[in-house]
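Participant: For reference, this is coords_32.cif, and it has mmCIF, C-alpha atoms and all ligand atoms.
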```cif
data_model
#
loop_
_atom_site.group_PDB
_atom_site.id
_atom_site.type_symbol
_atom_site.label_atom_id
_atom_site.label_comp_id
_atom_site.auth_asym_id
_atom_site.auth_seq_id
_atom_site.Cartn_x
_atom_site.Cartn_y
_atom_site.Cartn_z
ATOM 1 C CA MET A 1 106.423 91.427 36.011
ATOM 2 C CA MET A 2 102.785 91.522 34.818
ATOM 3 C CA ASN A 3 100.076 88.987 35.596
ATOM 4 C CA GLN A 4 96.290 88.963 35.675
ATOM 5 C CA PHE A 5 96.366 91.559 38.503
ATOM 6 C CA GLN A 6 98.545 93.860 36.463
ATOM 7 C CA PHE A 7 100.911 93.468 39.425
ATOM 8 C CA PHE A 8 104.050 95.325 38.471
ATOM 9 C CA VAL A 9 107.153 96.134 40.496
ATOM 10 C CA ASP A 10 109.471 98.789 39.172
ATOM 11 C CA ASP A 11 112.895 97.173 39.695
ATOM 12 C CA SER A 12 114.670 100.504 39.499
ATOM 13 C CA ARG A 13 112.701 101.810 42.496
ATOM 14 C CA CYS A 14 111.969 98.761 44.671
ATOM 15 C CA VAL A 15 114.175 98.716 47.772
ATOM 16 C CA LYS A 16 113.214 95.122 48.618
ATOM 17 C CA CYS A 17 112.008 96.123 52.089
ATOM 18 C CA GLY A 18 109.324 93.434 52.000
ATOM 19 C CA ALA A 19 106.599 95.741 53.384
ATOM 20 C CA CYS A 20 104.167 94.673 50.654
ATOM 21 C CA ILE A 21 104.809 91.025 51.505
ATOM 22 C CA ARG A 22 104.350 91.547 55.249
ATOM 23 C CA ASP A 23 101.177 93.591 54.833
ATOM 24 C CA CYS A 24 99.372 91.293 52.418
ATOM 25 C CA ALA A 25 96.429 90.025 54.499
ATOM 26 C CA VAL A 26 96.048 86.909 52.392
ATOM 27 C CA GLU A 27 99.757 86.134 52.080
ATOM 28 C CA MET A 28 99.852 86.012 48.326
ATOM 29 C CA LEU A 29 103.173 87.850 47.855
ATOM 30 C CA GLU A 30 106.746 86.692 48.261
ATOM 31 C CA PHE A 31 110.190 87.578 46.928
ATOM 32 C CA ASP A 32 110.539 85.980 43.547
ATOM 33 C CA PRO A 33 113.225 83.282 44.042
ATOM 34 C CA ASP A 34 114.837 84.198 40.702
ATOM 35 C CA ARG A 35 114.503 87.967 40.517
ATOM 36 C CA GLU A 36 114.398 88.737 44.253
ATOM 37 C CA PHE A 37 111.644 91.291 43.818
ATOM 38 C CA PRO A 38 108.106 90.819 45.211
ATOM 39 C CA HIS A 39 105.785 88.777 43.039
ATOM 40 C CA VAL A 40 102.407 87.060 43.298
ATOM 41 C CA ILE A 41 102.792 83.466 44.517
ATOM 42 C CA PRO A 42 101.376 81.352 41.690
ATOM 43 C CA GLY A 43 98.096 79.705 42.678
ATOM 44 C CA THR A 44 97.156 82.256 45.359
ATOM 45 C CA GLU A 45 95.515 84.744 43.005
ATOM 46 C CA GLU A 46 91.959 83.979 43.992
ATOM 47 C CA ASN A 47 92.696 84.927 47.624
ATOM 48 C CA CYS A 48 93.210 88.565 46.664
ATOM 49 C CA THR A 49 90.639 90.914 48.217
ATOM 50 C CA HIS A 50 91.679 93.812 45.964
ATOM 51 C CA CYS A 51 92.596 95.941 48.996
ATOM 52 C CA GLN A 52 95.621 97.527 47.267
ATOM 53 C CA HIS A 53 97.570 97.567 50.544
ATOM 54 C CA CYS A 54 100.670 96.482 48.603
ATOM 55 C CA LEU A 55 100.439 99.662 46.535
ATOM 56 C CA ALA A 56 99.696 101.830 49.577
ATOM 57 C CA VAL A 57 102.421 100.463 51.869
ATOM 58 C CA CYS A 58 105.316 100.665 49.384
ATOM 59 C CA PRO A 59 107.590 103.447 50.704
ATOM 60 C CA VAL A 60 108.968 104.296 47.264
ATOM 61 C CA GLY A 61 105.900 103.945 45.040
ATOM 62 C CA ALA A 62 107.435 101.054 43.136
ATOM 63 C CA LEU A 63 104.362 98.856 43.009
ATOM 64 C CA GLU A 64 101.356 98.934 40.705
ATOM 65 C CA ILE A 65 98.361 96.647 40.943
ATOM 66 C CA PHE A 66 95.173 96.565 38.863
ATOM 67 C CA GLY A 67 96.771 99.157 36.623
ATOM 68 C CA ARG A 68 96.767 101.756 39.427
ATOM 69 C CA ASP A 69 99.727 104.133 39.272
ATOM 70 C CA PRO A 70 100.959 104.883 42.852
ATOM 71 C CA GLU A 71 101.645 108.451 41.731
ATOM 72 C CA GLU A 72 97.877 108.920 41.422
ATOM 73 C CA SER A 73 97.183 108.081 45.100
ATOM 74 C CA LEU A 74 96.265 110.776 47.611
ATOM 75 C CA PRO A 75 99.420 111.482 49.633
ATOM 76 C CA PRO A 76 99.327 110.531 53.335
ATOM 77 C CA ASP A 77 100.586 113.976 54.320
ATOM 78 C CA SER A 78 97.106 115.290 53.501
ATOM 79 C CA ASN A 79 95.994 113.833 56.862
ATOM 80 C CA PRO A 80 94.195 116.538 58.825
ATOM 81 C CA ASP A 81 95.079 117.526 62.358
ATOM 82 C CA PRO A 82 93.621 115.074 64.968
ATOM 83 C CA GLU A 83 92.137 118.030 66.866
ATOM 84 C CA GLU A 84 90.263 119.016 63.726
ATOM 85 C CA ILE A 85 88.919 115.490 63.408
ATOM 86 C CA LEU A 86 87.798 115.530 67.054
ATOM 87 C CA SER A 87 86.183 118.914 66.536
ATOM 88 C CA LEU A 88 84.325 117.581 63.504
ATOM 89 C CA ILE A 89 83.056 114.620 65.545
ATOM 90 C CA ALA A 90 82.117 116.743 68.567
ATOM 91 C CA ASN A 91 80.339 119.375 66.485
ATOM 92 C CA ARG A 92 78.471 116.928 64.280
ATOM 93 C CA ARG A 93 74.760 117.549 64.790
ATOM 94 C CA SER A 94 71.479 116.074 63.631
ATOM 95 C CA PHE A 95 69.915 118.643 61.315
ATOM 96 C CA ARG A 96 66.130 118.876 61.183
ATOM 97 C CA ASN A 97 65.851 122.185 59.344
ATOM 98 C CA TYR A 98 66.667 122.394 55.668
ATOM 99 C CA ARG A 99 66.382 124.849 52.844
ATOM 100 C CA HIS A 100 63.956 123.679 50.192
ATOM 101 C CA GLU A 101 66.583 123.631 47.466
ATOM 102 C CA ASN A 102 69.044 121.230 45.907
ATOM 103 C CA LEU A 103 72.613 121.096 47.066
ATOM 104 C CA ASP A 104 74.998 122.526 44.499
ATOM 105 C CA ALA A 105 76.156 119.905 42.005
ATOM 106 C CA VAL A 106 79.855 120.191 42.887
ATOM 107 C CA THR A 107 79.245 119.369 46.558
ATOM 108 C CA LEU A 108 76.886 116.545 45.663
ATOM 109 C CA ASP A 109 79.536 115.057 43.380
ATOM 110 C CA LYS A 110 82.169 115.349 46.116
ATOM 111 C CA LEU A 111 79.925 113.458 48.511
ATOM 112 C CA LYS A 112 79.302 110.704 45.983
ATOM 113 C CA ASP A 113 82.948 110.443 45.074
ATOM 114 C CA MET A 114 84.003 109.996 48.718
ATOM 115 C CA LEU A 115 81.963 106.810 49.038
ATOM 116 C CA LYS A 116 84.551 104.731 47.196
ATOM 117 C CA PHE A 117 86.867 105.114 50.215
ATOM 118 C CA VAL A 118 84.550 103.652 52.860
ATOM 119 C CA PRO A 119 85.597 100.277 54.283
ATOM 120 C CA THR A 120 83.505 97.139 53.812
ATOM 121 C CA GLY A 121 83.845 93.655 55.306
ATOM 122 C CA VAL A 122 86.334 91.514 53.340
ATOM 123 C CA ASN A 123 86.779 94.565 51.107
ATOM 124 C CA ASP A 124 83.571 93.476 49.383
ATOM 125 C CA HIS A 125 82.523 96.920 48.086
ATOM 126 C CA SER A 126 79.224 95.762 46.665
ATOM 127 C CA LEU A 127 77.121 98.434 48.420
ATOM 128 C CA TYR A 128 74.420 100.201 46.446
ATOM 129 C CA PHE A 129 73.940 103.919 47.074
ATOM 130 C CA ALA A 130 70.496 105.242 46.145
ATOM 131 C CA PHE A 131 70.519 109.040 46.110
ATOM 132 C CA VAL A 132 67.439 111.203 45.956
ATOM 133 C CA ASP A 133 69.174 113.975 44.068
ATOM 134 C CA ASP A 134 66.270 116.321 43.571
ATOM 135 C CA VAL A 135 64.098 118.099 46.100
ATOM 136 C CA THR A 136 60.992 117.611 43.910
ATOM 137 C CA VAL A 137 61.456 113.843 44.192
ATOM 138 C CA MET A 138 61.737 114.205 47.974
ATOM 139 C CA ASP A 139 58.470 116.160 47.832
ATOM 140 C CA GLU A 140 56.856 113.197 46.074
ATOM 141 C CA PHE A 141 58.151 110.907 48.841
ATOM 142 C CA ARG A 142 56.731 113.328 51.441
ATOM 143 C CA LYS A 143 53.304 113.334 49.780
ATOM 144 C CA CYS A 144 53.219 109.557 49.428
ATOM 145 C CA VAL A 145 54.002 109.067 53.126
ATOM 146 C CA SER A 146 51.630 111.771 54.307
ATOM 147 C CA ASP A 147 48.753 110.338 52.210
ATOM 148 C CA GLY A 148 49.642 106.786 53.218
ATOM 149 C CA VAL A 149 49.773 107.593 56.922
ATOM 150 C CA SER A 150 46.424 109.430 56.722
ATOM 151 C CA ALA A 151 44.873 106.347 55.097
ATOM 152 C CA MET A 152 46.296 104.133 57.839
ATOM 153 C CA PHE A 153 44.803 106.361 60.525
ATOM 154 C CA ARG A 154 41.347 106.100 58.989
ATOM 155 C CA GLN A 155 41.170 102.517 60.282
ATOM 156 C CA ASP A 156 38.650 102.035 63.068
ATOM 157 C CA PRO A 157 39.612 100.760 65.572
ATOM 158 C CA LEU A 158 43.257 101.735 65.237
ATOM 159 C CA PRO A 159 45.780 98.907 65.650
ATOM 160 C CA PRO A 160 47.629 99.496 68.954
ATOM 161 C CA PHE A 161 50.979 100.265 67.303
ATOM 162 C CA LEU A 162 49.328 103.048 65.273
ATOM 163 C CA ALA A 163 47.621 104.468 68.324
ATOM 164 C CA ARG A 164 51.085 104.960 69.786
ATOM 165 C CA MET A 165 52.099 106.917 66.699
ATOM 166 C CA SER A 166 49.177 109.337 66.637
ATOM 167 C CA ARG A 167 51.545 112.190 67.548
ATOM 168 C CA TYR A 168 53.289 111.814 64.173
ATOM 169 C CA HIS A 169 49.966 111.666 62.382
ATOM 170 C CA LYS A 170 48.795 114.909 64.001
ATOM 171 C CA GLN A 171 52.050 116.626 63.035
ATOM 172 C CA LEU A 172 51.868 115.361 59.455
ATOM 173 C CA ARG A 173 48.263 116.552 59.213
ATOM 174 C CA SER A 174 49.294 119.999 60.374
ATOM 175 C CA GLY A 175 51.807 120.090 57.498
ATOM 176 C CA LYS A 176 54.924 119.376 59.572
ATOM 177 C CA ASP A 177 57.223 116.917 57.827
ATOM 178 C CA VAL A 178 58.242 114.912 60.881
ATOM 179 C CA ILE A 179 59.405 112.023 58.733
ATOM 180 C CA PHE A 180 61.739 113.587 56.167
ATOM 181 C CA ARG A 181 62.225 116.868 58.057
ATOM 182 C CA GLY A 182 61.891 118.920 54.895
ATOM 183 C CA ALA A 183 65.222 117.610 53.632
ATOM 184 C CA PRO A 184 65.939 118.094 49.930
ATOM 185 C CA HIS A 185 67.966 114.882 49.639
ATOM 186 C CA MET A 186 68.213 111.368 50.967
ATOM 187 C CA LEU A 187 70.825 108.652 50.690
ATOM 188 C CA VAL A 188 69.726 105.055 51.200
ATOM 189 C CA VAL A 189 72.523 102.502 51.433
ATOM 190 C CA ALA A 190 71.667 98.940 50.511
ATOM 191 C CA ALA A 191 73.825 95.863 50.956
ATOM 192 C CA LYS A 192 73.889 92.586 49.080
ATOM 193 C CA VAL A 193 72.149 90.143 51.406
ATOM 194 C CA ASP A 194 74.839 87.496 50.916
ATOM 195 C CA SER A 195 77.808 89.871 51.238
ATOM 196 C CA PRO A 196 80.174 89.224 54.179
ATOM 197 C CA THR A 197 78.900 91.994 56.510
ATOM 198 C CA PRO A 198 75.589 93.374 55.175
ATOM 199 C CA ALA A 199 74.325 94.701 58.512
ATOM 200 C CA VAL A 200 77.295 96.880 59.299
ATOM 201 C CA ASP A 201 78.584 98.100 55.910
ATOM 202 C CA PRO A 202 75.728 100.572 55.219
ATOM 203 C CA VAL A 203 76.110 102.056 58.711
ATOM 204 C CA ILE A 204 79.845 102.540 58.240
ATOM 205 C CA ALA A 205 79.272 104.192 54.863
ATOM 206 C CA LEU A 206 76.694 106.578 56.296
ATOM 207 C CA SER A 207 78.938 107.446 59.254
ATOM 208 C CA TYR A 208 81.717 108.492 56.897
ATOM 209 C CA PHE A 209 79.218 110.252 54.663
ATOM 210 C CA GLU A 210 77.816 112.251 57.574
ATOM 211 C CA LEU A 211 81.178 113.525 58.785
ATOM 212 C CA TYR A 212 82.401 114.439 55.334
ATOM 213 C CA ALA A 213 79.086 116.151 54.539
ATOM 214 C CA GLN A 214 79.200 118.200 57.725
ATOM 215 C CA SER A 215 82.811 119.181 57.030
ATOM 216 C CA LEU A 216 81.480 120.626 53.772
ATOM 217 C CA GLY A 217 78.754 122.558 55.609
ATOM 218 C CA VAL A 218 75.987 120.138 54.602
ATOM 219 C CA GLY A 219 73.375 119.158 57.204
ATOM 220 C CA THR A 220 72.577 115.471 57.741
ATOM 221 C CA LEU A 221 70.134 113.366 59.739
ATOM 222 C CA TRP A 222 70.174 109.657 60.420
ATOM 223 C CA CYS A 223 66.531 108.834 59.959
ATOM 224 C CA GLY A 224 64.819 105.823 61.468
ATOM 225 C CA LEU A 225 61.409 107.262 60.629
ATOM 226 C CA ALA A 226 62.307 107.612 56.943
ATOM 227 C CA MET A 227 63.606 104.052 57.034
ATOM 228 C CA ALA A 228 60.324 102.874 58.584
ATOM 229 C CA ALA A 229 58.404 104.761 55.884
ATOM 230 C CA LEU A 230 60.466 103.125 53.134
ATOM 231 C CA ASN A 231 59.728 99.705 54.617
ATOM 232 C CA GLU A 232 56.029 100.508 55.099
ATOM 233 C CA PHE A 233 55.388 101.868 51.598
ATOM 234 C CA PRO A 234 56.742 99.475 48.947
ATOM 235 C CA GLU A 235 56.097 102.001 46.169
ATOM 236 C CA LEU A 236 58.778 104.223 47.745
ATOM 237 C CA MET A 237 61.224 101.375 48.186
ATOM 238 C CA ALA A 238 60.607 100.424 44.529
ATOM 239 C CA ARG A 239 61.724 103.890 43.436
ATOM 240 C CA LEU A 240 65.175 103.185 44.843
ATOM 241 C CA GLN A 241 65.553 100.427 42.232
ATOM 242 C CA LEU A 242 67.583 98.197 44.494
ATOM 243 C CA PRO A 243 69.285 95.415 42.530
ATOM 244 C CA ASP A 244 68.055 91.847 43.093
ATOM 245 C CA GLY A 245 69.441 90.354 46.270
ATOM 246 C CA TYR A 246 69.891 93.733 47.980
ATOM 247 C CA ARG A 247 68.270 95.043 51.147
ATOM 248 C CA ALA A 248 68.164 98.662 52.303
ATOM 249 C CA GLY A 249 70.370 98.991 55.380
ATOM 250 C CA TYR A 250 69.823 102.541 56.551
ATOM 251 C CA CYS A 251 69.191 106.022 55.290
ATOM 252 C CA MET A 252 70.311 109.577 55.863
ATOM 253 C CA LEU A 253 68.638 112.845 54.991
ATOM 254 C CA PHE A 254 70.880 115.695 53.939
ATOM 255 C CA GLY A 255 71.039 119.080 52.327
ATOM 256 C CA PRO A 256 71.738 122.747 52.899
ATOM 257 C CA SER A 257 70.411 123.842 56.271
ATOM 258 C CA ASP A 258 68.926 127.146 57.318
ATOM 259 C CA LEU A 259 70.198 126.667 60.893
ATOM 260 C CA CYS A 260 73.698 126.414 62.230
ATOM 261 C CA TYR A 261 75.057 125.385 65.611
ATOM 262 C CA HIS A 262 77.297 127.783 67.466
ATOM 263 C CA ARG A 263 78.869 125.375 69.928
ATOM 264 C CA ALA A 264 79.133 121.658 70.606
ATOM 265 C CA VAL A 265 76.811 119.895 73.055
ATOM 266 C CA GLN A 266 78.186 118.656 76.392
ATOM 267 C CA PRO A 267 77.363 114.959 76.533
ATOM 268 C CA ASP A 268 77.434 112.820 79.663
ATOM 269 C CA PRO A 269 80.437 110.534 80.003
ATOM 270 C CA VAL A 270 80.012 107.137 78.379
ATOM 271 C CA ARG A 271 80.591 103.813 80.101
ATOM 272 C CA ILE A 272 84.069 102.587 79.315
ATOM 273 C CA ALA A 273 85.461 99.372 80.702
ATOM 274 C CA SER A 274 89.043 98.188 80.755
ATOM 275 C CA VAL A 275 88.823 94.473 80.256
ATOM 276 C CA ARG A 276 91.543 92.561 82.101
HETATM 277 C C1 LIG B 301 70.164 105.441 64.017
HETATM 278 C C2 LIG B 301 69.557 106.788 64.233
HETATM 279 C C3 LIG B 301 68.245 107.030 63.841
HETATM 280 C C4 LIG B 301 67.673 108.289 64.016
HETATM 281 N N1 LIG B 301 66.400 108.512 63.572
HETATM 282 C C5 LIG B 301 65.870 109.756 63.693
HETATM 283 C C6 LIG B 301 64.587 110.043 63.175
HETATM 284 O O1 LIG B 301 63.897 109.199 62.637
HETATM 285 N N2 LIG B 301 64.119 111.312 63.274
HETATM 286 C C7 LIG B 301 64.848 112.312 63.892
HETATM 287 O O2 LIG B 301 64.384 113.446 63.955
HETATM 288 N N3 LIG B 301 66.078 112.059 64.395
HETATM 289 C C8 LIG B 301 66.617 110.815 64.294
HETATM 290 N N4 LIG B 301 67.876 110.560 64.770
HETATM 291 C C9 LIG B 301 68.651 111.628 65.390
HETATM 292 C C10 LIG B 301 68.792 111.453 66.904
HETATM 293 O O3 LIG B 301 67.536 111.669 67.473
HETATM 294 C C11 LIG B 301 69.856 112.457 67.344
HETATM 295 O O4 LIG B 301 71.093 111.825 67.204
HETATM 296 C C12 LIG B 301 69.673 113.007 68.732
HETATM 297 O O5 LIG B 301 68.582 113.864 68.718
HETATM 298 C C13 LIG B 301 70.903 113.754 69.250
HETATM 299 O O6 LIG B 301 71.266 114.809 68.406
HETATM 300 P P1 LIG B 301 72.712 114.920 67.761
HETATM 301 O O7 LIG B 301 72.806 113.823 66.736
HETATM 302 O O8 LIG B 301 72.752 116.274 67.144
HETATM 303 O O9 LIG B 301 73.724 114.753 68.837
HETATM 304 C C14 LIG B 301 68.438 109.316 64.615
HETATM 305 C C15 LIG B 301 69.769 109.060 65.003
HETATM 306 C C16 LIG B 301 70.318 107.832 64.813
HETATM 307 C C17 LIG B 301 71.760 107.615 65.199
#
```
Turn this file's structure into C-alpha cells for me.

Facilitator:
Amino acid sequence: MMNQFQFFVDDSRCVKCGACIRDCAVEMLEFDPDREFPHVIPGTEENCTHCQHCLAVCPVGALEIFGRDPEESLPPDSNPDPEEILSLIANRRSFRNYRHENLDAVTLDKLKDMLKFVPTGVNDHSLYFAFVDDVTVMDEFRKCVSDGVSAMFRQDPLPPFLARMSRYHKQLRSGKDVIFRGAPHMLVVAAKVDSPTPAVDPVIALSYFELYAQSLGVGTLWCGLAMAALNEFPELMARLQLPDGYRAGYCMLFGPSDLCYHRAVQPDPVRIASVR
C-alpha cells in the first residue's frame, strides 16, 4: 500500500514477523487490521525520522520506504572482521606530513560519498560539509593565516594570549606551516545551530571520516589550530560559504602523506569504571 512515504510492503514476500513494527522508534507502524500486513498508522506520519530502519530490519526485503528498493542496500555480510576494525582504530595516526598534491578524484569522491552514512541526533542529517578540494586553495588559506598572524604580532605591547603563542609565530615566520601542516585538503563540518545535537554531530562525522580515510591510505589530522584560525580570520570562514544559521563545528586536514607508520603506538591504559 502506498502513502506519502512511498511505504510499500510486498505481500508476496512479507512473512508478517513484525520486526519493522517492533523496531520503529516512533511507533508509527502496525499490522493493518484489514490486510494484516504492516502499514503506517494514520495520523503518525509526522513522527517519522526517516531512519529507514523498517527497510533495513526486514529479513526478506519486502519493505520499501521513500522509494528505496531494499535490493539496492549494502548487504550486512559486507561487515569487516572486528580485528580489522580494531587494527584500523589502533593504527590510526595524526598525520602532519603531506605531499603537496591533490588526492586523486576517485578517493575524494569515495570520502564524500561515505558521509551520508554518518549518524546524527534525531536522524537530522542537516550537516554541511565544506571541502577544500584543491591544494592551491589551501595555499591561499596558509598565506592568509601567515600574513594575519604576522600582523597580529606587530602589536606592541603584545596581548598576553599572543605572547603565549610566539612559538607558532616563529615557526610560521621560518616557513613552517604549523597551522595547516602542509595539508592539501581540509574538511570543515558545520551544524545547523538549532538542530537537535549540533555540538556532537560534526565530531561524529569527522571520526567516521578519519577512519575511512585512513583505511584508504589517506592521512588525516584533527586540527584545533586550523579551527582557531578559521574563527580568528572571518575572510577564511566566509570562503566556506556556510548557510545561514550554521556554525562550524570542527575541522580535519587530510591528503596523501609522504610518511607512513610501521607499527601502532602503545598507549597507557585508560580509566574505566564499572558503575554499580
Ligand atoms: C580535537 C583534536 C584537535 C587537535 N588539534 C591539533 C592541532 O591543532 N595541531 C596538531 O598538530 N595536532 C592536533 N591534534 C592531534 C593530536 O595532537 C594527536 O592526536 C596527538 O598528537 C596523538 O597522536 P595520534 O593522534 O597519532 O595518536 C588534535 C587532535 C584532536 C583529537

Participant: Report, in Å with one decimal, the straight-line distance from atom CA of A:Asn47 to atom CA of A:Val26.

Facilitator: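 Between atom CA of A:Asn47 and atom CA of A:Val26 the gap is 6.2 Å.
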
Participant: Find, counting all atoms listed in the file, the residue in A:Met138, A:Gly175, A:Arg93, A:Arg181 that gets nearest to ligand LIG 301 (chain B).

Facilitator: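 Looking at the shortest contact to ligand LIG 301 (chain B), the residue is A:Arg93.
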
Participant: For ligand LIG 301 (chain B), list the contacting residues at 9 Å or closer, counting only C-alpha atoms and all ligand atoms, as a PyMOL selection string.

Facilitator: chain A and resi 90-96+178-181+203+221-228+250-252+264-265+267

Participant: List every protein, DNA or RNA residue with an atom no more than 7 Å from (99.3, 96.0, 46.2) in the file's coordinates, counting only C-alpha atoms, and format the result as a ChimeraX atom specification.

Facilitator: /A:20,52-56,63-65

Participant: Between atom CA of A:Asp201 and atom CA of A:Arg239, what is the spacing in Å?

Facilitator: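 These atoms are spaced 21.8 Å apart.
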
Participant: Counting only C-alpha atoms, which of A:Gln6, A:Thr136, A:Asn102, A:Ser73 gets nearest to A:Phe117?

Facilitator: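 Using only C-alpha atoms, A:Phe117 sits closest to A:Ser73.
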
Participant: Given all atoms listed in the file as the basis, pick out the residue of A:Leu211, A:Ala105, A:Ala273, A:Ala229 nearest to A:Ser146.

Facilitator: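 For A:Ser146, the nearest of the candidates is A:Ala229.
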
Participant: Grab the atom CA of A:Leu74 to atom CA of A:Lys16 distance for me, in Å with one decimal place.

Facilitator: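 About the pair atom CA of A:Leu74 and atom CA of A:Lys16: they are 23.1 Å apart.
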
Participant: Name the closest residue to A:Cys58 among the candidates A:Glu36, A:Glu46, A:Asp10, A:Glu84; distances are taken between atoms, counting only C-alpha atoms.

Facilitator: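 Of A:Glu36, A:Glu46, A:Asp10, A:Glu84, the one nearest A:Cys58 is A:Asp10, counting only C-alpha atoms.
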
Participant: Can you pull out the residues contacting A:Leu88? Cut-off 12 Å, using all atoms listed in the file, and skip same-chain residues under 3 positions away; I want them as a compact mmCIF listing (two decimals) with C-alpha atoms, keeping the file's coordinate frame.

Facilitator:
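Printed below is result25.txt as written:
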```
# COMPACT_ATOMS: atom_id res chain seq x y z
CA PRO A 80 94.20 116.54 58.82
CA ASP A 81 95.08 117.53 62.36
CA PRO A 82 93.62 115.07 64.97
CA GLU A 83 92.14 118.03 66.87
CA GLU A 84 90.26 119.02 63.73
CA ILE A 85 88.92 115.49 63.41
CA ASN A 91 80.34 119.38 66.48
CA ARG A 92 78.47 116.93 64.28
CA ARG A 93 74.76 117.55 64.79
CA TYR A 208 81.72 108.49 56.90
CA GLU A 210 77.82 112.25 57.57
CA LEU A 211 81.18 113.52 58.78
CA TYR A 212 82.40 114.44 55.33
CA ALA A 213 79.09 116.15 54.54
CA GLN A 214 79.20 118.20 57.72
CA SER A 215 82.81 119.18 57.03
CA LEU A 216 81.48 120.63 53.77
CA GLY A 217 78.75 122.56 55.61
CA ARG A 263 78.87 125.38 69.93
CA ALA A 264 79.13 121.66 70.61
```

Participant: Would you place a box with edges along x, y and z of the file around all atoms of stretch 246-261 of chain A listed there, add 4 Å to each of its six sides, and report the centre and edge lengths in Å to one decimal, as lines of an AutoDock Vina configuration file?

Facilitator:
```
center_x = 71.6
center_y = 110.4
center_z = 56.8
size_x = 14.9
size_y = 41.4
size_z = 25.6
```

Participant: A:Pro59: which residues within 9 Å, counting all atoms listed in the file, same-chain residues fewer than 2 positions away excluded, as a PyMOL selection string?

Facilitator: chain A and resi 14-15+17+19+56-57+61-62
